[in-house]
>>> print(open('coords-v1.cif').read())   # mmCIF, C-alpha atoms and all ligand atoms
data_model
loop_
_atom_site.label_atom_id
_atom_site.label_comp_id
_atom_site.auth_asym_id
_atom_site.auth_seq_id
_atom_site.Cartn_x
_atom_site.Cartn_y
_atom_site.Cartn_z
CA MET K 16 -232.02 -199.51 198.07
CA GLN K 17 -232.11 -201.23 194.68
CA ASP K 18 -235.46 -199.64 193.89
CA LEU K 19 -234.11 -196.20 194.64
CA ASP K 20 -231.11 -196.74 192.34
CA LEU K 21 -233.32 -197.98 189.53
CA GLU K 22 -235.72 -195.08 189.76
CA LYS K 23 -232.80 -192.66 189.76
CA ILE K 24 -231.32 -194.32 186.65
CA LYS K 25 -234.70 -194.23 184.94
CA VAL K 26 -235.22 -190.50 185.54
CA GLU K 27 -231.68 -189.53 184.62
CA ALA K 28 -231.59 -191.63 181.44
CA LYS K 29 -235.01 -190.43 180.28
CA GLY K 30 -233.94 -186.81 180.82
CA GLU K 31 -230.68 -187.24 178.94
CA ILE K 32 -232.31 -189.05 176.02
CA GLU K 33 -235.02 -186.45 175.61
CA ASN K 34 -232.51 -183.61 175.74
CA ALA K 35 -230.19 -185.13 173.09
CA GLY K 36 -229.47 -182.47 170.44
CA ASP K 37 -228.50 -184.78 167.58
CA LEU K 38 -228.28 -188.40 166.55
CA ALA K 39 -224.58 -188.77 167.36
CA GLY K 40 -225.18 -187.51 170.89
CA LEU K 41 -228.20 -189.76 171.28
CA VAL K 42 -226.22 -192.83 170.28
CA LEU K 43 -223.66 -192.07 173.00
CA ILE K 44 -226.40 -191.73 175.62
CA GLY K 45 -227.91 -195.02 174.45
CA LYS K 46 -224.54 -196.71 174.90
CA LYS K 47 -224.09 -195.17 178.34
CA TYR K 48 -227.35 -196.60 179.72
CA LEU K 49 -228.52 -199.50 177.55
CA ASP K 50 -225.34 -201.31 176.47
CA LYS K 51 -224.12 -204.46 178.18
CA ASP K 52 -221.33 -202.42 179.74
CA GLY K 53 -223.66 -199.48 180.39
CA VAL K 54 -225.34 -198.38 183.61
CA LEU K 55 -228.17 -200.94 183.37
CA GLY K 56 -225.75 -203.66 182.36
CA GLU K 57 -223.68 -203.04 185.46
CA PHE K 58 -226.88 -203.15 187.51
CA PHE K 59 -227.77 -206.60 186.14
CA LYS K 60 -224.27 -207.84 186.96
CA SER K 61 -224.63 -206.62 190.55
CA LEU K 62 -227.80 -208.71 191.03
CA GLY K 63 -225.64 -211.73 191.84
CA LYS K 64 -224.89 -210.30 195.26
CA LEU K 65 -228.55 -210.28 196.27
CA SER K 66 -230.69 -212.99 197.85
CA LYS K 67 -232.84 -215.11 195.53
CA GLU K 68 -236.11 -213.24 196.22
CA GLU K 69 -234.55 -209.79 196.01
CA ARG K 70 -232.79 -210.79 192.82
CA ALA K 71 -235.99 -211.88 191.08
CA GLU K 72 -237.86 -208.74 192.07
CA ALA K 73 -235.01 -206.35 191.08
CA GLY K 74 -234.49 -208.24 187.84
CA VAL K 75 -238.11 -207.82 186.78
CA LYS K 76 -238.04 -204.14 187.68
CA ALA K 77 -234.78 -203.53 185.86
CA ASN K 78 -236.09 -205.26 182.73
CA GLU K 79 -239.19 -203.07 182.76
CA ILE K 80 -237.03 -199.95 182.99
CA LYS K 81 -234.75 -201.18 180.23
CA GLN K 82 -237.72 -201.71 177.91
CA TYR K 83 -239.15 -198.34 178.85
CA LEU K 84 -235.87 -196.52 178.15
CA ALA K 85 -235.44 -198.39 174.86
CA ALA K 86 -238.86 -197.12 173.78
CA VAL K 87 -237.97 -193.55 174.79
CA PHE K 88 -234.71 -193.92 172.89
CA GLU K 89 -236.48 -195.16 169.74
CA ALA K 90 -238.97 -192.30 169.88
CA LYS K 91 -236.23 -189.69 170.23
CA SER K 92 -234.18 -191.32 167.50
CA GLY K 93 -237.12 -191.13 165.08
CA GLU K 94 -237.71 -187.51 166.00
CA LEU K 95 -234.09 -186.53 165.35
CA GLU K 96 -233.98 -188.40 162.03
CA ALA K 97 -237.09 -186.63 160.84
CA LYS K 98 -235.54 -183.33 161.86
CA ASN K 99 -232.37 -184.16 159.89
CA ILE K 100 -234.30 -184.98 156.73
CA GLU K 101 -236.29 -181.79 157.08
CA GLN K 102 -233.17 -179.70 157.51
CA SER K 103 -231.29 -181.30 154.62
CA GLY K 104 -234.36 -180.68 152.48
CA GLN K 105 -234.30 -177.00 153.34
CA ASN K 106 -230.59 -176.69 152.68
CA PHE K 107 -230.55 -178.90 149.57
CA PHE K 108 -228.99 -176.21 147.39
CA ASP K 109 -226.01 -174.72 149.17
CA THR K 110 -225.03 -171.69 147.11
CA THR K 111 -221.74 -171.33 148.97
CA LEU K 112 -220.38 -174.71 147.81
CA PRO K 113 -217.97 -174.63 144.87
CA GLY K 114 -219.58 -175.94 141.68
CA VAL K 115 -218.74 -179.23 140.02
CA ALA K 116 -216.50 -178.46 137.08
CA PRO K 117 -217.63 -180.21 133.88
CA ALA K 118 -215.07 -182.57 132.34
CA VAL K 119 -213.31 -180.71 129.51
CA GLY K 120 -211.55 -182.60 126.74
CA HIS K 121 -208.42 -181.54 124.91
CA LEU K 122 -206.84 -181.94 121.51
CA HIS K 123 -205.57 -185.34 120.44
CA PRO K 124 -201.76 -185.73 120.69
CA PHE K 125 -201.57 -186.00 116.89
CA THR K 126 -203.37 -182.68 116.49
CA LEU K 127 -200.99 -181.10 119.00
CA ILE K 128 -197.98 -182.52 117.13
CA GLU K 129 -199.40 -181.34 113.79
CA ARG K 130 -199.81 -177.83 115.15
CA GLU K 131 -196.33 -177.82 116.63
CA ILE K 132 -194.82 -178.91 113.32
CA GLY K 133 -196.90 -176.24 111.56
CA GLU K 134 -195.62 -173.55 113.92
CA ILE K 135 -191.98 -174.52 113.44
CA PHE K 136 -192.18 -174.54 109.65
CA SER K 137 -194.25 -171.36 109.59
CA GLY K 138 -191.42 -169.78 111.56
CA MET K 139 -189.09 -170.74 108.70
CA GLY K 140 -191.32 -169.16 106.08
CA PHE K 141 -193.29 -172.24 105.03
CA GLU K 142 -196.97 -171.97 104.17
CA ILE K 143 -199.35 -174.67 105.42
CA ALA K 144 -201.33 -176.11 102.51
CA GLU K 145 -204.16 -178.63 102.49
CA SER K 146 -204.76 -181.41 100.04
CA ARG K 147 -207.30 -184.18 99.45
CA GLU K 148 -207.61 -187.54 101.15
CA ILE K 149 -209.32 -189.02 98.08
CA GLU K 150 -207.16 -188.69 94.99
CA THR K 151 -207.06 -189.71 91.37
CA GLU K 152 -204.42 -192.11 90.12
CA TRP K 153 -202.82 -189.22 88.25
CA TYR K 154 -202.04 -187.21 91.37
CA ASN K 155 -201.25 -190.24 93.52
CA PHE K 156 -198.88 -191.90 91.05
CA ASP K 157 -198.51 -190.74 87.43
CA ALA K 158 -197.80 -187.07 88.12
CA LEU K 159 -195.29 -188.16 90.76
CA ASN K 160 -193.31 -190.09 88.17
CA VAL K 161 -194.61 -193.53 89.19
CA PRO K 162 -195.52 -195.21 85.87
CA LYS K 163 -198.36 -197.72 85.68
CA ASP K 164 -196.29 -200.90 85.85
CA HIS K 165 -193.51 -199.61 88.06
CA PRO K 166 -192.90 -201.88 91.07
CA ALA K 167 -192.77 -198.77 93.30
CA ARG K 168 -196.56 -198.70 93.07
CA ASP K 169 -196.72 -201.89 95.10
CA GLU K 170 -195.57 -200.28 98.32
CA PHE K 171 -198.17 -197.55 97.90
CA ASP K 172 -200.88 -199.99 96.90
CA THR K 173 -203.89 -198.47 98.46
CA LEU K 174 -207.66 -198.56 98.72
CA PHE K 175 -209.24 -198.04 95.34
CA MET K 176 -212.78 -196.88 94.67
CA GLU K 177 -214.97 -196.77 91.62
CA GLY K 178 -214.00 -194.32 88.91
CA GLY K 179 -210.24 -194.68 89.41
CA LEU K 180 -210.23 -192.79 92.70
CA CYS K 181 -208.22 -194.02 95.68
CA LEU K 182 -207.38 -193.01 99.21
CA ARG K 183 -204.01 -191.28 99.11
CA PRO K 184 -201.13 -193.44 100.37
CA HIS K 185 -198.94 -190.36 100.97
CA THR K 186 -199.22 -186.58 101.10
CA SER K 187 -197.06 -186.09 97.98
CA PRO K 188 -200.03 -185.41 95.65
CA GLY K 189 -200.29 -182.15 97.58
CA GLN K 190 -197.02 -181.02 95.93
CA VAL K 191 -198.47 -181.38 92.45
CA ARG K 192 -201.80 -179.76 93.32
CA TYR K 193 -200.08 -176.79 94.93
CA MET K 194 -197.57 -176.22 92.12
CA GLU K 195 -200.35 -176.36 89.56
CA ASN K 196 -201.69 -173.16 91.07
CA HIS K 197 -198.53 -171.50 92.39
CA GLN K 198 -195.28 -170.69 90.63
CA PRO K 199 -191.98 -170.75 92.55
CA PRO K 200 -190.38 -169.56 94.69
CA LEU K 201 -192.46 -171.56 97.16
CA ARG K 202 -192.17 -173.22 100.54
CA ILE K 203 -195.04 -175.38 101.83
CA ILE K 204 -195.87 -178.18 104.19
CA VAL K 205 -198.92 -180.38 103.62
CA PRO K 206 -199.99 -182.23 106.75
CA GLY K 207 -202.68 -184.88 106.48
CA ARG K 208 -204.09 -188.33 106.82
CA CYS K 209 -202.91 -191.17 104.56
CA PHE K 210 -203.99 -194.74 103.95
CA ARG K 211 -202.19 -197.95 103.07
CA ARG K 212 -203.01 -201.64 103.15
CA ASP K 213 -200.70 -202.20 106.14
CA ALA K 214 -201.65 -204.86 108.65
CA VAL K 215 -202.05 -203.47 112.17
CA ASP K 216 -199.09 -203.97 114.49
CA ALA K 217 -197.13 -201.94 117.05
CA SER K 218 -195.73 -199.64 114.37
CA HIS K 219 -198.25 -199.86 111.49
CA MET K 220 -201.81 -198.73 110.95
CA PRO K 221 -203.81 -198.68 107.71
CA ASN K 222 -204.50 -195.04 108.58
CA PHE K 223 -201.65 -192.72 109.54
CA TYR K 224 -200.52 -189.10 109.37
CA GLN K 225 -197.81 -187.53 107.29
CA VAL K 226 -196.38 -184.09 106.74
CA GLU K 227 -195.21 -183.33 103.24
CA GLY K 228 -192.63 -180.62 102.77
CA LEU K 229 -191.65 -178.82 99.57
CA MET K 230 -189.30 -175.98 98.80
CA VAL K 231 -188.72 -174.82 95.23
CA ASP K 232 -186.53 -171.88 94.31
CA LYS K 233 -183.46 -170.99 92.26
CA GLY K 234 -180.29 -172.91 93.14
CA ILE K 235 -181.81 -175.03 95.90
CA SER K 236 -179.55 -177.93 96.90
CA VAL K 237 -179.30 -180.76 99.40
CA ALA K 238 -177.44 -178.33 101.66
CA ASN K 239 -180.62 -176.22 101.99
CA PHE K 240 -182.58 -179.33 102.85
CA LYS K 241 -180.10 -180.36 105.53
CA ALA K 242 -180.16 -176.90 107.09
CA VAL K 243 -183.97 -176.73 107.19
CA ILE K 244 -184.47 -180.25 108.56
CA ASP K 245 -181.66 -179.94 111.08
CA GLU K 246 -183.25 -176.75 112.38
CA PHE K 247 -186.69 -178.38 112.43
CA PHE K 248 -185.53 -181.28 114.60
CA ARG K 249 -183.57 -178.98 116.85
CA ARG K 250 -186.74 -176.97 117.53
CA PHE K 251 -189.07 -179.99 117.69
CA PHE K 252 -187.05 -182.12 120.09
CA GLY K 253 -185.33 -179.27 121.92
CA GLY K 254 -181.94 -179.99 123.44
CA ALA K 255 -182.22 -183.73 122.82
CA ALA K 256 -181.60 -183.25 119.09
CA ASP K 257 -179.17 -180.40 119.32
CA SER K 258 -176.31 -181.13 116.96
CA LYS K 259 -173.88 -179.11 119.09
CA LYS K 260 -174.74 -181.17 122.11
CA ALA K 261 -174.29 -184.32 120.06
CA GLY K 262 -170.61 -183.53 119.64
CA GLY K 263 -170.85 -181.39 116.52
CA GLY K 264 -171.44 -184.42 114.32
CA GLY K 265 -174.86 -183.14 113.30
CA ASN K 266 -178.17 -184.54 114.44
CA ILE K 267 -179.22 -185.98 111.10
CA ARG K 268 -177.59 -188.18 108.50
CA LEU K 269 -178.68 -188.99 104.96
CA ARG K 270 -178.56 -192.46 103.45
CA PRO K 271 -179.02 -193.04 99.70
CA SER K 272 -182.44 -194.43 98.85
CA PHE K 273 -184.93 -194.56 96.02
CA PHE K 274 -188.22 -192.77 95.45
CA PRO K 275 -189.63 -192.27 91.95
CA PHE K 276 -190.51 -188.64 92.68
CA THR K 277 -187.07 -187.49 93.86
CA GLU K 278 -183.57 -187.63 92.40
CA PRO K 279 -181.33 -188.11 94.28
CA SER K 280 -183.35 -189.67 97.10
CA PHE K 281 -182.39 -190.40 100.67
CA GLU K 282 -183.59 -191.71 103.97
CA VAL K 283 -183.10 -189.29 106.85
CA ASP K 284 -181.93 -190.61 110.20
CA LEU K 285 -182.16 -188.59 113.38
CA ARG K 286 -179.52 -188.97 116.06
CA CYS K 287 -181.34 -190.96 118.75
CA VAL K 288 -183.08 -188.49 121.07
CA ASN K 289 -183.03 -191.13 123.78
CA CYS K 290 -179.30 -191.80 124.03
CA SER K 291 -177.81 -188.93 121.94
CA GLY K 292 -176.21 -191.51 119.69
CA SER K 293 -174.48 -193.86 122.11
CA GLY K 294 -176.95 -196.68 121.37
CA CYS K 295 -180.03 -197.87 123.28
CA SER K 296 -183.06 -200.10 122.82
CA ALA K 297 -185.10 -197.29 121.19
CA CYS K 298 -182.57 -197.05 118.33
CA LYS K 299 -181.71 -200.77 118.38
CA GLY K 300 -178.16 -199.90 119.43
CA THR K 301 -177.38 -197.93 116.25
CA GLY K 302 -177.59 -194.44 117.76
CA TRP K 303 -179.90 -193.38 114.89
CA MET K 304 -183.65 -193.36 114.25
CA GLU K 305 -185.16 -193.52 110.80
CA VAL K 306 -187.62 -190.64 110.57
CA MET K 307 -188.35 -189.67 106.96
CA GLY K 308 -187.76 -190.02 103.27
CA ALA K 309 -186.63 -187.06 101.18
CA GLY K 310 -184.82 -185.95 98.07
CA MET K 311 -184.48 -183.36 95.35
CA VAL K 312 -187.75 -183.04 93.42
CA HIS K 313 -187.55 -185.06 90.20
CA PRO K 314 -187.62 -182.86 87.07
CA ALA K 315 -190.51 -184.95 85.73
CA VAL K 316 -192.62 -184.03 88.80
CA LEU K 317 -191.90 -180.32 88.33
CA LYS K 318 -192.80 -180.62 84.67
CA ASN K 319 -196.03 -182.51 85.45
CA SER K 320 -196.95 -179.74 87.88
CA GLY K 321 -196.36 -176.95 85.37
CA VAL K 322 -193.00 -175.78 86.74
CA ASP K 323 -189.98 -175.41 84.44
CA PRO K 324 -187.24 -177.74 85.78
CA SER K 325 -184.55 -175.90 83.84
CA ARG K 326 -185.21 -172.76 85.90
CA TRP K 327 -186.24 -174.14 89.29
CA GLN K 328 -184.97 -176.78 91.70
CA GLY K 329 -186.26 -177.93 95.02
CA PHE K 330 -186.36 -180.52 97.75
CA ALA K 331 -189.27 -182.51 99.14
CA PHE K 332 -189.72 -184.69 102.19
CA GLY K 333 -192.38 -186.76 103.94
CA ILE K 334 -192.34 -187.06 107.72
CA GLY K 335 -194.37 -189.71 109.51
CA MET K 336 -196.24 -187.69 112.10
CA ASP K 337 -197.25 -190.79 114.08
CA ARG K 338 -193.59 -191.76 114.25
CA LEU K 339 -192.54 -188.34 115.52
CA ALA K 340 -195.27 -188.48 118.16
CA MET K 341 -194.05 -191.91 119.27
CA ILE K 342 -190.44 -190.74 119.51
CA LYS K 343 -191.30 -187.49 121.24
CA HIS K 344 -193.56 -189.08 123.85
CA LYS K 345 -191.59 -192.36 124.10
CA ILE K 346 -194.62 -194.46 123.13
CA ASN K 347 -193.70 -197.88 121.78
CA ASP K 348 -197.09 -198.90 120.36
CA ILE K 349 -198.81 -196.78 117.71
CA ARG K 350 -202.16 -198.43 118.44
CA LEU K 351 -202.40 -196.56 121.75
CA PHE K 352 -202.88 -193.30 119.83
CA TYR K 353 -205.83 -194.74 117.96
CA GLY K 354 -207.41 -196.59 120.89
CA GLY K 355 -209.37 -193.76 122.50
CA ASN K 356 -208.41 -194.91 126.00
CA GLN K 357 -208.82 -191.82 128.16
CA ARG K 358 -206.24 -192.92 130.71
CA PHE K 359 -203.71 -192.82 127.85
CA LEU K 360 -204.96 -189.66 126.16
CA ASN K 361 -205.32 -187.62 129.35
CA GLN K 362 -201.54 -187.63 129.75
CA PHE K 363 -201.04 -185.21 126.89
ZN ZN B 1 -180.74 -194.66 121.26
#
>>> encode(input="coords-v1.cif", output="structure tokens")
Amino acid sequence: MQDLDLEKIKVEAKGEIENAGDLAGLVLIGKKYLDKDGVLGEFFKSLGKLSKEERAEAGVKANEIKQYLAAVFEAKSGELEAKNIEQSGQNFFDTTLPGVAPAVGHLHPFTLIEREIGEIFSGMGFEIAESREIETEWYNFDALNVPKDHPARDEFDTLFMEGGLCLRPHTSPGQVRYMENHQPPLRIIVPGRCFRRDAVDASHMPNFYQVEGLMVDKGISVANFKAVIDEFFRRFFGGAADSKKAGGGGNIRLRPSFFPFTEPSFEVDLRCVNCSGSGCSACKGTGWMEVMGAGMVHPAVLKNSGVDPSRWQGFAFGIGMDRLAMIKHKINDIRLFYGGNQRFLNQF
């Protein structure tokens, strides 16, 4: 009786193993017959019911069959694996699969901001001019009405090279260079990189970006400046800096200041784009953010640039592009923009 059962198991198992179509199916068949809980396992458990002699004989027989089936299983397994490798080799290049898109970079947030500023001012009739990163002392200081021993030079103290050249600490030399070659009326912005001896912290870098602005024409006043800058911020920040939304109080305010190259000079504050002026941590509770320095172009600067100050007047301003990027994207540490961390940059 036991012999008959064993032979039957052997034939059935061998047949099923040899007919397995793939490895997954084969594994299931292996479990069915060879596992502890499988058909042979159950047979071993049933041996307890037999007499001692019968048990020994059936046990030996069952072990032989188990080893035999294990060998058949191994052989079939090897055969199917070889078949798999062969097939995957044949189908290695599947032309129907979508391709792997190469990683494509994008412009740095500063470049995007620079272009946006350029577009807004172009829309108001300003030309975009370029100037030099390496300047002479004349263009950096003297022509801009900053005499040799004037203390105002200290805050612009920059990186000097041989031959009296230095890295520009601001974009203002671009005003002089442009006016040397162009007579008013004129409207320009000069975006570019500047350098100062600032120690690195959350809001300072020795390398930063500025946008210079200059408008010279007949009868230009502070009112023209306010109108242009108000419109610029309205377009740049959208609704957040809309003076009408801010209760009609205007979205900028001017505070008296001093720059050697403008007279009068002022600091320009923008109504906080975060809280619309009610006070928050971004504006230190004041409702205002300091965004640029500006003023009416000093007659001495016009004269040094070859423009007659008795006939022409104008305004000039310098916007910190890094600062605008920080405000616009709500970034509280300038160093992130210079770090090259892709997880940061990919957000823009
Ligand atoms: Zn605020």
>>> atom_distance(input="coords-v1.cif", atom1="atom CA of His313 of chain K", atom2="atom CA of Phe171 of chain K")
18.1 Å
>>> residues_around(input="coords-v1.cif", residues="Arg192 of chain K", least_positions_apart="3", cutoff="9 Å", atoms="all atoms listed in the file", output="list of chain:residue names")
K:Ser146, K:Tyr154, K:Pro188, K:Gly189, K:Glu195, K:Asn196, K:His197, K:Ser320
>>> residues_around(input="coords-v1.cif", residues="Phe59 of chain K", least_positions_apart="3", cutoff="8 Å", atoms="only C-alpha atoms", output="ChimeraX atom specification")
/K:55-56,62-63,74,77
>>> write_last_selection(input="coords-v1.cif", atoms="C-alpha atoms", output="mmCIF file, in the frame of the given file")
data_model
loop_
_atom_site.group_PDB
_atom_site.id
_atom_site.type_symbol
_atom_site.label_atom_id
_atom_site.label_comp_id
_atom_site.auth_asym_id
_atom_site.auth_seq_id
_atom_site.Cartn_x
_atom_site.Cartn_y
_atom_site.Cartn_z
ATOM 1 C CA LEU K 55 -228.170 -200.940 183.370
ATOM 2 C CA GLY K 56 -225.750 -203.660 182.360
ATOM 3 C CA LEU K 62 -227.800 -208.710 191.030
ATOM 4 C CA GLY K 63 -225.640 -211.730 191.840
ATOM 5 C CA GLY K 74 -234.490 -208.240 187.840
ATOM 6 C CA ALA K 77 -234.780 -203.530 185.860
#
>>> atom_distance(input="coords-v1.cif", atom1="atom CA of Lys91 of chain K", atom2="atom CA of Glu72 of chain K")
29.0 Å
>>> residues_near_ligand(input="coords-v1.cif", ligand="ligand ZN 1 (chain B)", cutoff="6 Å", atoms="only C-alpha atoms and all ligand atoms", output="compact mmCIF listing (two decimals) with C-alpha atoms, in the coordinates of the input")
# COMPACT_ATOMS: atom_id res chain seq x y z
CA CYS K 287 -181.34 -190.96 118.75
CA ASN K 289 -183.03 -191.13 123.78
CA CYS K 290 -179.30 -191.80 124.03
CA GLY K 292 -176.21 -191.51 119.69
CA GLY K 294 -176.95 -196.68 121.37
CA CYS K 295 -180.03 -197.87 123.28
CA ALA K 297 -185.10 -197.29 121.19
CA CYS K 298 -182.57 -197.05 118.33
CA GLY K 302 -177.59 -194.44 117.76
>>> axis_aligned_box(input="coords-v1.cif", around="segment 178-187 of chain K", padding_each_side="6 Å", output="lines of an AutoDock Vina configuration file")
center_x = -205.5
center_y = -190.4
center_z = 95.0
size_x = 28.9
size_y = 20.6
size_z = 24.2
>>> atom_distance(input="coords-v1.cif", atom1="atom CA of Ile80 of chain K", atom2="atom CA of Lys25 of chain K")
6.5 Å
>>> closest_residue(input="coords-v1.cif", among="K:Asn78, K:Ser291, K:Asn347, K:Ser187", to="Ala309 of chain K", atoms="all atoms listed in the file")
K:Ser187
>>> residues_around(input="coords-v1.cif", residues="Leu49 of chain K", least_positions_apart="4", cutoff="8 Å", atoms="all atoms listed in the file", output="PyMOL selection string")
chain K and resi 45+53-56+81+84-85
>>> closest_residue(input="coords-v1.cif", among="K:Leu285, K:Met336, K:Ile149, K:Val115", to="Thr173 of chain K", atoms="all atoms listed in the file")
K:Ile149
>>> closest_residue(input="coords-v1.cif", among="K:Lys98, K:Lys299, K:Lys241, K:His219", to="Met341 of chain K", atoms="only C-alpha atoms")
K:His219
>>> residues_around(input="coords-v1.cif", residues="Trp153 of chain K", least_positions_apart="3", cutoff="12 Å", atoms="all atoms listed in the file", output="ChimeraX atom specification")
/K:149-150,156-163,179-181,183,187-189,191-192,316,319-320
>>> closest_residue(input="coords-v1.cif", among="K:Leu229, K:Met220, K:Ala242, K:Leu317", to="Gly354 of chain K", atoms="all atoms listed in the file")
K:Met220
>>> closest_residue(input="coords-v1.cif", among="K:Glu94, K:Gln82, K:Gln102, K:Met194", to="Leu41 of chain K", atoms="all atoms listed in the file")
K:Glu94
>>> residues_around(input="coords-v1.cif", residues="Ala331 of chain K", least_positions_apart="3", cutoff="7 Å", atoms="all atoms listed in the file", output="JSON, numbers by chain")
{"K": [228, 229, 230, 309, 310, 311, 312]}
>>> residues_near_point(input="coords-v1.cif", point="(-224.2, -190.1, 176.3)", cutoff="12 Å", atoms="only C-alpha atoms", output="MDAnalysis selection string")
chainID K and resid 27:50 53:54 88
>>> closest_residue(input="coords-v1.cif", among="K:Thr110, K:Ser218, K:Ser61, K:Asn356", to="Asp337 of chain K", atoms="only C-alpha atoms")
K:Ser218
>>> residues_near_point(input="coords-v1.cif", point="(-184.9, -183.6, 94.4)", cutoff="12 Å", atoms="all atoms listed in the file", output="count of residues only")
40
